[in-house]
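Undergrad: What follows is work_10.cif, made up of mmCIF, C-alpha atoms:
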data_query
loop_
_atom_site.label_atom_id
_atom_site.label_comp_id
_atom_site.auth_asym_id
_atom_site.auth_seq_id
_atom_site.Cartn_x
_atom_site.Cartn_y
_atom_site.Cartn_z
CA GLY A 1 45.88 33.61 -28.96
CA ASP A 2 42.17 33.41 -28.25
CA TYR A 3 41.50 31.34 -31.38
CA GLY A 4 44.06 28.71 -30.37
CA ARG A 5 42.63 28.57 -26.87
CA ALA A 6 39.08 28.18 -28.24
CA VAL A 7 40.20 25.31 -30.50
CA MET A 8 41.93 23.60 -27.56
CA VAL A 9 38.81 23.93 -25.37
CA HIS A 10 36.59 22.54 -28.16
CA ARG A 11 39.03 19.72 -28.83
CA TYR A 12 39.81 18.63 -25.26
CA GLY A 13 36.74 19.83 -23.33
CA VAL A 14 33.82 17.46 -22.72
CA ILE A 15 31.04 18.22 -25.19
CA PRO A 16 27.86 16.52 -23.93
CA TYR A 17 26.45 16.02 -27.45
CA GLU A 18 29.60 14.13 -28.49
CA ILE A 19 29.43 11.80 -25.48
CA THR A 20 25.69 11.08 -25.71
CA ASN A 21 25.83 10.50 -29.47
CA GLY A 22 29.23 8.80 -29.67
CA VAL A 23 30.52 11.21 -32.31
CA ASP A 24 33.58 13.43 -32.43
CA VAL A 25 32.65 16.74 -34.04
CA GLU A 26 35.41 18.98 -35.43
CA PRO A 27 37.99 19.64 -34.14
CA GLN A 28 38.53 15.97 -33.48
CA VAL A 29 40.73 14.55 -30.74
CA ALA A 30 42.87 11.42 -30.81
CA PHE A 31 41.17 8.40 -29.17
CA GLY A 32 37.66 9.78 -29.78
CA PRO A 33 35.39 11.95 -27.67
CA TYR A 34 35.47 9.78 -24.53
CA ILE A 35 39.08 10.74 -23.77
CA THR A 36 37.78 14.27 -23.15
CA LEU A 37 36.21 12.99 -19.93
CA PHE A 38 39.81 13.07 -18.68
CA THR A 39 41.48 15.81 -20.74
CA SER A 40 38.81 18.34 -19.75
CA LEU A 41 39.94 18.05 -16.12
CA PHE A 42 43.21 19.77 -16.99
CA LEU A 43 41.75 22.82 -18.75
CA HIS A 44 40.34 25.87 -16.98
CA GLY A 45 38.37 28.88 -18.15
CA SER A 46 40.57 31.41 -16.38
CA PHE A 47 43.42 31.78 -13.95
CA LEU A 48 40.90 32.39 -11.13
CA HIS A 49 39.08 29.15 -12.04
CA LEU A 50 42.37 27.26 -11.79
CA LEU A 51 43.37 29.08 -8.60
CA GLY A 52 40.04 28.30 -6.90
CA ASN A 53 40.28 24.61 -7.74
CA MET A 54 43.89 24.39 -6.59
CA TRP A 55 43.07 26.23 -3.35
CA PHE A 56 40.30 23.74 -2.45
CA LEU A 57 42.52 20.85 -3.56
CA TRP A 58 45.34 22.13 -1.32
CA ILE A 59 43.06 22.56 1.71
CA PHE A 60 41.13 19.28 1.48
CA GLY A 61 43.01 17.02 -0.95
CA ASN A 62 46.12 16.30 1.10
CA ASN A 63 44.05 14.79 3.92
CA ILE A 64 42.18 12.51 1.51
CA GLU A 65 45.47 11.53 -0.14
CA ASP A 66 46.92 10.68 3.30
CA VAL A 67 43.93 8.40 4.01
CA VAL A 68 43.74 6.54 0.70
CA GLY A 69 47.35 6.71 -0.53
CA HIS A 70 48.90 8.39 -3.57
CA PHE A 71 47.80 5.98 -6.30
CA LYS A 72 44.22 5.55 -5.06
CA PHE A 73 43.97 9.31 -4.66
CA VAL A 74 44.75 9.85 -8.35
CA ILE A 75 42.17 7.21 -9.30
CA PHE A 76 39.56 8.72 -6.93
CA TYR A 77 40.25 12.20 -8.31
CA LEU A 78 40.00 11.14 -11.97
CA LEU A 79 36.89 9.01 -11.45
CA GLY A 80 35.33 11.86 -9.45
CA GLY A 81 35.94 14.15 -12.42
CA VAL A 82 34.39 11.64 -14.83
CA ALA A 83 31.36 11.12 -12.57
CA ALA A 84 30.97 14.90 -12.31
CA SER A 85 31.04 15.26 -16.08
CA MET A 86 28.51 12.45 -16.47
CA LEU A 87 25.88 14.23 -14.35
CA GLN A 88 26.48 17.43 -16.31
CA ILE A 89 26.08 15.44 -19.53
CA VAL A 90 22.83 13.85 -18.30
CA VAL A 91 21.24 17.26 -17.65
CA SER A 92 22.56 18.85 -20.86
CA ALA A 93 22.78 15.89 -23.26
CA ASP A 94 22.39 17.91 -26.47
CA SER A 95 24.71 20.76 -25.51
CA THR A 96 27.60 21.50 -27.86
CA ILE A 97 29.27 23.80 -25.32
CA PRO A 98 32.51 22.32 -23.94
CA VAL A 99 32.72 21.67 -20.20
CA ILE A 100 36.19 22.15 -18.72
CA GLY A 101 37.82 22.28 -15.31
CA ALA A 102 38.66 20.18 -12.30
CA SER A 103 35.82 21.51 -10.14
CA GLY A 104 33.89 18.24 -10.31
CA ALA A 105 36.95 16.19 -9.29
CA VAL A 106 37.65 18.62 -6.45
CA SER A 107 33.98 18.35 -5.45
CA ALA A 108 34.47 14.58 -5.13
CA ILE A 109 37.28 15.29 -2.68
CA LEU A 110 34.95 17.54 -0.67
CA GLY A 111 32.36 14.74 -0.59
CA GLY A 112 34.98 12.31 0.64
CA TYR A 113 36.31 14.81 3.16
CA ILE A 114 32.94 15.34 4.81
CA LEU A 115 32.75 11.59 5.56
CA LYS A 116 36.40 10.96 6.47
CA PHE A 117 36.90 14.10 8.58
CA PRO A 118 33.51 14.97 10.09
CA ARG A 119 35.06 16.72 13.11
CA ALA A 120 37.71 18.73 11.25
CA ARG A 121 37.63 22.51 11.33
CA VAL A 122 38.49 24.92 8.52
CA ARG A 123 40.03 28.34 9.11
CA THR A 124 38.06 30.79 6.97
CA LEU A 125 37.53 34.50 6.44
CA MET A 126 34.39 35.96 7.97
CA PHE A 127 33.03 39.28 6.76
CA ILE A 128 31.08 41.26 9.37
CA PHE A 129 29.98 44.52 7.75
CA ILE A 130 33.29 46.29 7.07
CA PHE A 131 35.38 44.04 9.33
CA ILE A 132 37.19 40.88 8.29
CA THR A 133 38.23 38.21 10.77
CA LEU A 134 39.48 34.62 10.70
CA ILE A 135 37.36 31.97 12.38
CA ASN A 136 37.47 28.19 12.65
CA VAL A 137 34.35 26.64 11.16
CA PRO A 138 33.46 22.94 11.26
CA ALA A 139 34.35 21.48 7.87
CA VAL A 140 30.90 19.86 7.75
CA THR A 141 29.33 23.32 8.02
CA PHE A 142 31.73 24.89 5.49
CA ILE A 143 31.25 22.10 2.93
CA GLY A 144 27.53 21.88 3.68
CA ILE A 145 27.09 25.59 2.89
CA TRP A 146 29.21 25.15 -0.24
CA PHE A 147 27.02 22.22 -1.40
CA PHE A 148 23.82 24.14 -0.66
CA LEU A 149 25.14 27.00 -2.82
CA GLN A 150 25.80 24.51 -5.64
CA LEU A 151 22.23 23.21 -5.43
CA VAL A 152 20.71 26.71 -5.38
CA SER A 153 22.97 27.85 -8.23
CA SER A 154 22.00 24.83 -10.34
CA LEU A 155 18.39 26.06 -10.35
CA GLY A 156 19.40 28.96 -12.58
CA ALA A 157 22.05 27.00 -14.47
CA GLY A 158 20.58 27.74 -17.90
CA ALA A 159 21.88 31.30 -17.74
CA SER A 160 25.28 30.32 -16.33
CA ASN A 161 28.63 29.34 -17.79
CA VAL A 162 29.35 27.23 -14.69
CA ALA A 163 28.75 23.47 -14.76
CA TRP A 164 26.88 23.38 -11.43
CA TYR A 165 25.69 19.82 -12.00
CA ALA A 166 29.30 18.69 -12.38
CA HIS A 167 29.98 20.07 -8.89
CA ILE A 168 26.94 18.21 -7.54
CA GLY A 169 27.85 14.99 -9.38
CA GLY A 170 31.42 15.03 -8.12
CA PHE A 171 30.30 15.67 -4.55
CA ILE A 172 27.79 12.79 -4.64
CA PHE A 173 30.46 10.50 -6.14
CA GLY A 174 32.85 11.44 -3.32
CA ILE A 175 30.33 10.65 -0.60
CA ALA A 176 29.20 7.45 -2.30
CA THR A 177 32.64 5.97 -3.00
CA ILE A 178 35.26 7.30 -0.55
CA LEU A 179 34.85 4.27 1.71
CA LEU A 180 35.72 2.00 -1.25
CA PHE A 181 39.11 3.69 -1.50
#
If you convert what's in this file into structure tokens, what do you get?

TA:
Amino acid sequence: GDYGRAVMVHRYGVIPYEITNGVDVEPQVAFGPYITLFTSLFLHGSFLHLLGNMWFLWIFGNNIEDVVGHFKFVIFYLLGGVAASMLQIVVSADSTIPVIGASGAVSAILGGYILKFPRARVRTLMFIFIFITLINVPAVTFIGIWFFLQLVSSLGAGASNVAWYAHIGGFIFGIATILLF
């Protein structure tokens, strides 16, 4: 039930305080708190959280995987998730609230995508008053707007349950390292 889920999130989610202080507060996890930099990438707060991450991964991830190869893609994805968590940890070092989700790793893929596919276009829904239409938008514009929204949202992050800085950290990692892969 909810209690079991809460224990799992506290055990396998990244808790900034544990990472910055090198301690594993109850409930403890095998291999110490640093393993949660990886395990947290496989937990999500809700089905919609998971669905959103998988949707962005499906749209952008396969192209990055085609460019770097299967094995390097997994490494890029995991390191992007760790880098994302690290920025979140830097800005909330004493927080005991677990951070979960693959959003930071997916953000790394978006950062890589913007460099590797600068001319690509993304088919997206456009809302015009009460009408909905599909349009092709340059991926640079789509991802640029997404990143701008992450930056703006991070300004009010104290009142949010979203790890906005993880999104920003993952994106920066993707831009900074995709050419190494």

Undergrad: Skipping near chain neighbours, those fewer than 4 positions away, what residues fall within 7 Å of Val140 of chain A using only C-alpha atoms, listed as a PDB file with C-alpha atoms, in the coordinates of the input?

TA:
ATOM      1  CA  ILE A 114      32.940  15.340   4.810  1.00  0.00           C
ATOM      2  CA  PRO A 118      33.510  14.970  10.090  1.00  0.00           C
ATOM      3  CA  GLY A 144      27.530  21.880   3.680  1.00  0.00           C
TER       4      GLY A 144
END

Undergrad: Excluding Val14 of chain A and residues on its chain fewer than 5 positions from it, collect all residues at most 6 Å away from it, counting all atoms listed in the file, and give them as a compact mmCIF listing (two decimals) with C-alpha atoms, keeping the file's coordinate frame.

TA:
# COMPACT_ATOMS: atom_id res chain seq x y z
CA THR A 36 37.78 14.27 -23.15
CA LEU A 37 36.21 12.99 -19.93
CA SER A 40 38.81 18.34 -19.75
CA PRO A 98 32.51 22.32 -23.94
CA VAL A 99 32.72 21.67 -20.20

Undergrad: Taking only C-alpha atoms into account, name the residue in A:Leu149, A:Pro16, A:Gln28, A:Phe181 that is nearest to Gly69 of chain A.

TA: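 Comparing A:Leu149, A:Pro16, A:Gln28, A:Phe181 against Gly69 of chain A, the winner is A:Phe181.
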
Undergrad: Enter the distance from atom CA of Ala139 of chain A to atom CA of Leu180 of chain A, in Å, rounded to one decimal.

TA: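 According to the coordinates, atom CA of Ala139 of chain A and atom CA of Leu180 of chain A are separated by 21.6 Å.
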
Undergrad: Any chance you could resolve the PyMOL selection byres ((chain A and resi 41-50) around 7) against this file and give the residues as number ranges by chain?

TA: A: 38-40, 51-54, 81, 100-102

Undergrad: With C-alpha atoms kept, could you save the residues just selected as a PDB file, in the frame of the given file?

TA:
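Heads up, here's the output in selection_26.pdb:
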ATOM      1  CA  PHE A  38      39.810  13.070 -18.680  1.00  0.00           C
ATOM      2  CA  THR A  39      41.480  15.810 -20.740  1.00  0.00           C
ATOM      3  CA  SER A  40      38.810  18.340 -19.750  1.00  0.00           C
ATOM      4  CA  LEU A  51      43.370  29.080  -8.600  1.00  0.00           C
ATOM      5  CA  GLY A  52      40.040  28.300  -6.900  1.00  0.00           C
ATOM      6  CA  ASN A  53      40.280  24.610  -7.740  1.00  0.00           C
ATOM      7  CA  MET A  54      43.890  24.390  -6.590  1.00  0.00           C
ATOM      8  CA  GLY A  81      35.940  14.150 -12.420  1.00  0.00           C
ATOM      9  CA  ILE A 100      36.190  22.150 -18.720  1.00  0.00           C
ATOM     10  CA  GLY A 101      37.820  22.280 -15.310  1.00  0.00           C
ATOM     11  CA  ALA A 102      38.660  20.180 -12.300  1.00  0.00           C
TER      12      ALA A 102
END

Undergrad: Atom CA of Ile172 of chain A and atom CA of Ser107 of chain A are how many Å apart?

TA: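 Atom-to-atom, atom CA of Ile172 of chain A to atom CA of Ser107 of chain A, that is 8.4 Å.
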
Undergrad: Take atom CA of Ile15 of chain A and atom CA of Gly170 of chain A and report the distance between them in Å, one decimal.

TA: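 Pair atom CA of Ile15 of chain A / atom CA of Gly170 of chain A returns 17.4 Å.
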
Undergrad: Would you write out, as a ChimeraX atom specification, every residue that the PyMOL selection byres ((chain A and resi 135) around 7) captures in this file?

TA: /A:123-126,133-134,136-137

Undergrad: Step by step, work through what the PyMOL selection byres ((chain A and resi 62-64) around 9) selects in the shown file, and finish by giving those residues as a list in words.

TA: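 That expression, the PyMOL selection byres ((chain A and resi 62-64) around 9), corresponds here to Leu57, Trp58, Ile59, Phe60, Gly61, Glu65, Asp66, Val67, Val68, Gly69, Phe73, Ile109, Gly112, Tyr113, Lys116, Phe117 and Ile178 of chain A.
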
Undergrad: Please provide the set of residues having any atom within 9 Å of Ala93 of chain A, restricted to only C-alpha atoms, with same-chain residues fewer than 4 positions apart removed, written as an MDAnalysis selection string.

TA: chainID A and resid 15:21 88:89

Undergrad: Select, counting all atoms listed in the file, all protein, DNA and RNA residues no farther than 9 Å from (39.9, 15.5, -27.7) in file coordinates, and express the selection as a list in words.

TA: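 Protein and nucleic acid residues near the point are Met8, Val9, His10, Arg11, Tyr12, Gly13, Val14, Asp24, Pro27, Gln28, Val29, Ala30, Phe31, Gly32, Pro33, Tyr34, Ile35, Thr36, Leu37, Thr39 and Ser40 of chain A.
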
Undergrad: Report as a list in words all protein, DNA and RNA residues lying within 9 Å of Phe147 of chain A, evaluated on only C-alpha atoms, omitting residues in the same chain fewer than 6 positions from it.

TA: Ser107, His167, Ile168 and Phe171 of chain A

Undergrad: Can you pull out every residue within 9 Å of Pro138 of chain A, counting all atoms listed in the file, but drop anything in the same chain fewer than 5 positions away, and send it as a count of residues only?

TA: 7

Undergrad: Under the rule that all atoms listed in the file are counted, which of A:Val23, A:Val7, A:Ala108, A:Ile97 is the nearest residue to Phe173 of chain A?

TA: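 Going through A:Val23, A:Val7, A:Ala108, A:Ile97 one by one, the smallest distance to Phe173 of chain A is for A:Ala108.
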
Undergrad: Using all atoms listed in the file for the distances, tell me which of A:Gly4, A:Gly174, A:Gly80, A:Gly111 is nearest to Trp146 of chain A.

TA: A:Gly111

Undergrad: Could I get segment 52-64 of chain A from the block written out with all heavy atoms, as a CSV table (one decimal), in the first residue's frame?

TA:
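Resulting contents of part_18.csv:
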chain,number,residue,atom,x,y,z
A,52,GLY,N,5.0,10.6,-18.8
A,52,GLY,CA,5.7,11.8,-19.4
A,52,GLY,C,7.1,11.5,-19.8
A,52,GLY,O,7.6,11.9,-20.8
A,53,ASN,N,7.9,10.9,-18.8
A,53,ASN,CA,9.3,10.6,-19.1
A,53,ASN,C,9.4,9.6,-20.2
A,53,ASN,O,10.3,9.8,-21.1
A,53,ASN,CB,9.9,10.0,-17.8
A,53,ASN,CG,10.4,11.1,-16.9
A,53,ASN,OD1,10.7,12.2,-17.2
A,53,ASN,ND2,10.4,10.7,-15.6
A,54,MET,N,8.6,8.6,-20.3
A,54,MET,CA,8.7,7.6,-21.4
A,54,MET,C,8.3,8.2,-22.7
A,54,MET,O,8.9,7.8,-23.7
A,54,MET,CB,7.8,6.4,-21.0
A,54,MET,CG,8.3,5.6,-19.8
A,54,MET,SD,10.0,5.1,-19.9
A,54,MET,CE,10.9,6.3,-18.9
A,55,TRP,N,7.4,9.1,-22.7
A,55,TRP,CA,7.0,9.8,-23.9
A,55,TRP,C,8.1,10.6,-24.5
A,55,TRP,O,8.5,10.5,-25.7
A,55,TRP,CB,5.7,10.7,-23.7
A,55,TRP,CG,5.2,11.4,-24.9
A,55,TRP,CD1,4.9,10.8,-26.1
A,55,TRP,CD2,4.9,12.8,-25.0
A,55,TRP,NE1,4.4,11.8,-26.9
A,55,TRP,CE2,4.4,13.0,-26.3
A,55,TRP,CE3,4.9,13.8,-24.1
A,55,TRP,CZ2,4.0,14.3,-26.7
A,55,TRP,CZ3,4.5,15.1,-24.5
A,55,TRP,CH2,4.0,15.3,-25.8
A,56,PHE,N,8.8,11.4,-23.7
A,56,PHE,CA,9.9,12.2,-24.2
A,56,PHE,C,11.1,11.3,-24.6
A,56,PHE,O,11.8,11.5,-25.5
A,56,PHE,CB,10.4,13.2,-23.1
A,56,PHE,CG,9.7,14.5,-23.2
A,56,PHE,CD1,8.4,14.7,-22.8
A,56,PHE,CD2,10.4,15.6,-23.7
A,56,PHE,CE1,7.7,15.9,-22.8
A,56,PHE,CE2,9.7,16.9,-23.8
A,56,PHE,CZ,8.4,17.0,-23.3
A,57,LEU,N,11.3,10.2,-23.8
A,57,LEU,CA,12.3,9.2,-24.1
A,57,LEU,C,12.1,8.6,-25.5
A,57,LEU,O,13.0,8.4,-26.3
A,57,LEU,CB,12.4,8.2,-23.0
A,57,LEU,CG,13.5,7.1,-23.2
A,57,LEU,CD1,14.9,7.8,-23.1
A,57,LEU,CD2,13.4,6.1,-22.0
A,58,TRP,N,10.8,8.2,-25.7
A,58,TRP,CA,10.4,7.6,-27.0
A,58,TRP,C,10.6,8.6,-28.2
A,58,TRP,O,11.1,8.2,-29.2
A,58,TRP,CB,8.9,7.2,-26.9
A,58,TRP,CG,8.4,6.5,-28.2
A,58,TRP,CD1,8.9,5.4,-28.8
A,58,TRP,CD2,7.3,7.0,-28.9
A,58,TRP,NE1,8.2,5.1,-29.9
A,58,TRP,CE2,7.2,6.1,-30.0
A,58,TRP,CE3,6.4,8.0,-28.8
A,58,TRP,CZ2,6.1,6.2,-30.9
A,58,TRP,CZ3,5.4,8.1,-29.7
A,58,TRP,CH2,5.3,7.2,-30.8
A,59,ILE,N,10.3,9.8,-28.0
A,59,ILE,CA,10.4,10.8,-29.1
A,59,ILE,C,11.8,11.2,-29.4
A,59,ILE,O,12.2,11.2,-30.6
A,59,ILE,CB,9.6,12.1,-28.7
A,59,ILE,CG1,8.1,11.8,-28.7
A,59,ILE,CG2,9.9,13.2,-29.7
A,59,ILE,CD1,7.3,13.0,-28.1
A,60,PHE,N,12.6,11.4,-28.4
A,60,PHE,CA,14.0,11.9,-28.6
A,60,PHE,C,15.1,10.9,-28.4
A,60,PHE,O,16.2,11.0,-29.0
A,60,PHE,CB,14.3,13.1,-27.7
A,60,PHE,CG,13.3,14.2,-27.9
A,60,PHE,CD1,12.3,14.5,-27.0
A,60,PHE,CD2,13.5,15.1,-29.0
A,60,PHE,CE1,11.4,15.6,-27.3
A,60,PHE,CE2,12.6,16.1,-29.2
A,60,PHE,CZ,11.6,16.4,-28.4
A,61,GLY,N,14.8,9.9,-27.5
A,61,GLY,CA,15.9,8.9,-27.1
A,61,GLY,C,16.4,8.0,-28.2
A,61,GLY,O,17.5,7.7,-28.3
A,62,ASN,N,15.4,7.6,-29.1
A,62,ASN,CA,15.9,6.6,-30.1
A,62,ASN,C,16.9,7.2,-31.1
A,62,ASN,O,17.8,6.5,-31.6
A,62,ASN,CB,14.6,6.0,-30.9
A,62,ASN,CG,13.8,7.0,-31.6
A,62,ASN,OD1,13.9,8.2,-31.3
A,62,ASN,ND2,13.1,6.6,-32.6
A,63,ASN,N,16.7,8.5,-31.4
A,63,ASN,CA,17.7,9.2,-32.3
A,63,ASN,C,19.1,9.3,-31.6
A,63,ASN,O,20.1,9.0,-32.3
A,63,ASN,CB,17.2,10.6,-32.7
A,63,ASN,CG,15.9,10.5,-33.4
A,63,ASN,OD1,14.8,10.8,-32.9
A,63,ASN,ND2,16.0,10.2,-34.7
A,64,ILE,N,19.1,9.6,-30.4
A,64,ILE,CA,20.4,9.7,-29.6
A,64,ILE,C,21.0,8.3,-29.6
A,64,ILE,O,22.2,8.1,-29.8
A,64,ILE,CB,20.2,10.3,-28.2
A,64,ILE,CG1,19.8,11.7,-28.3
A,64,ILE,CG2,21.5,10.1,-27.4
A,64,ILE,CD1,20.7,12.7,-29.0
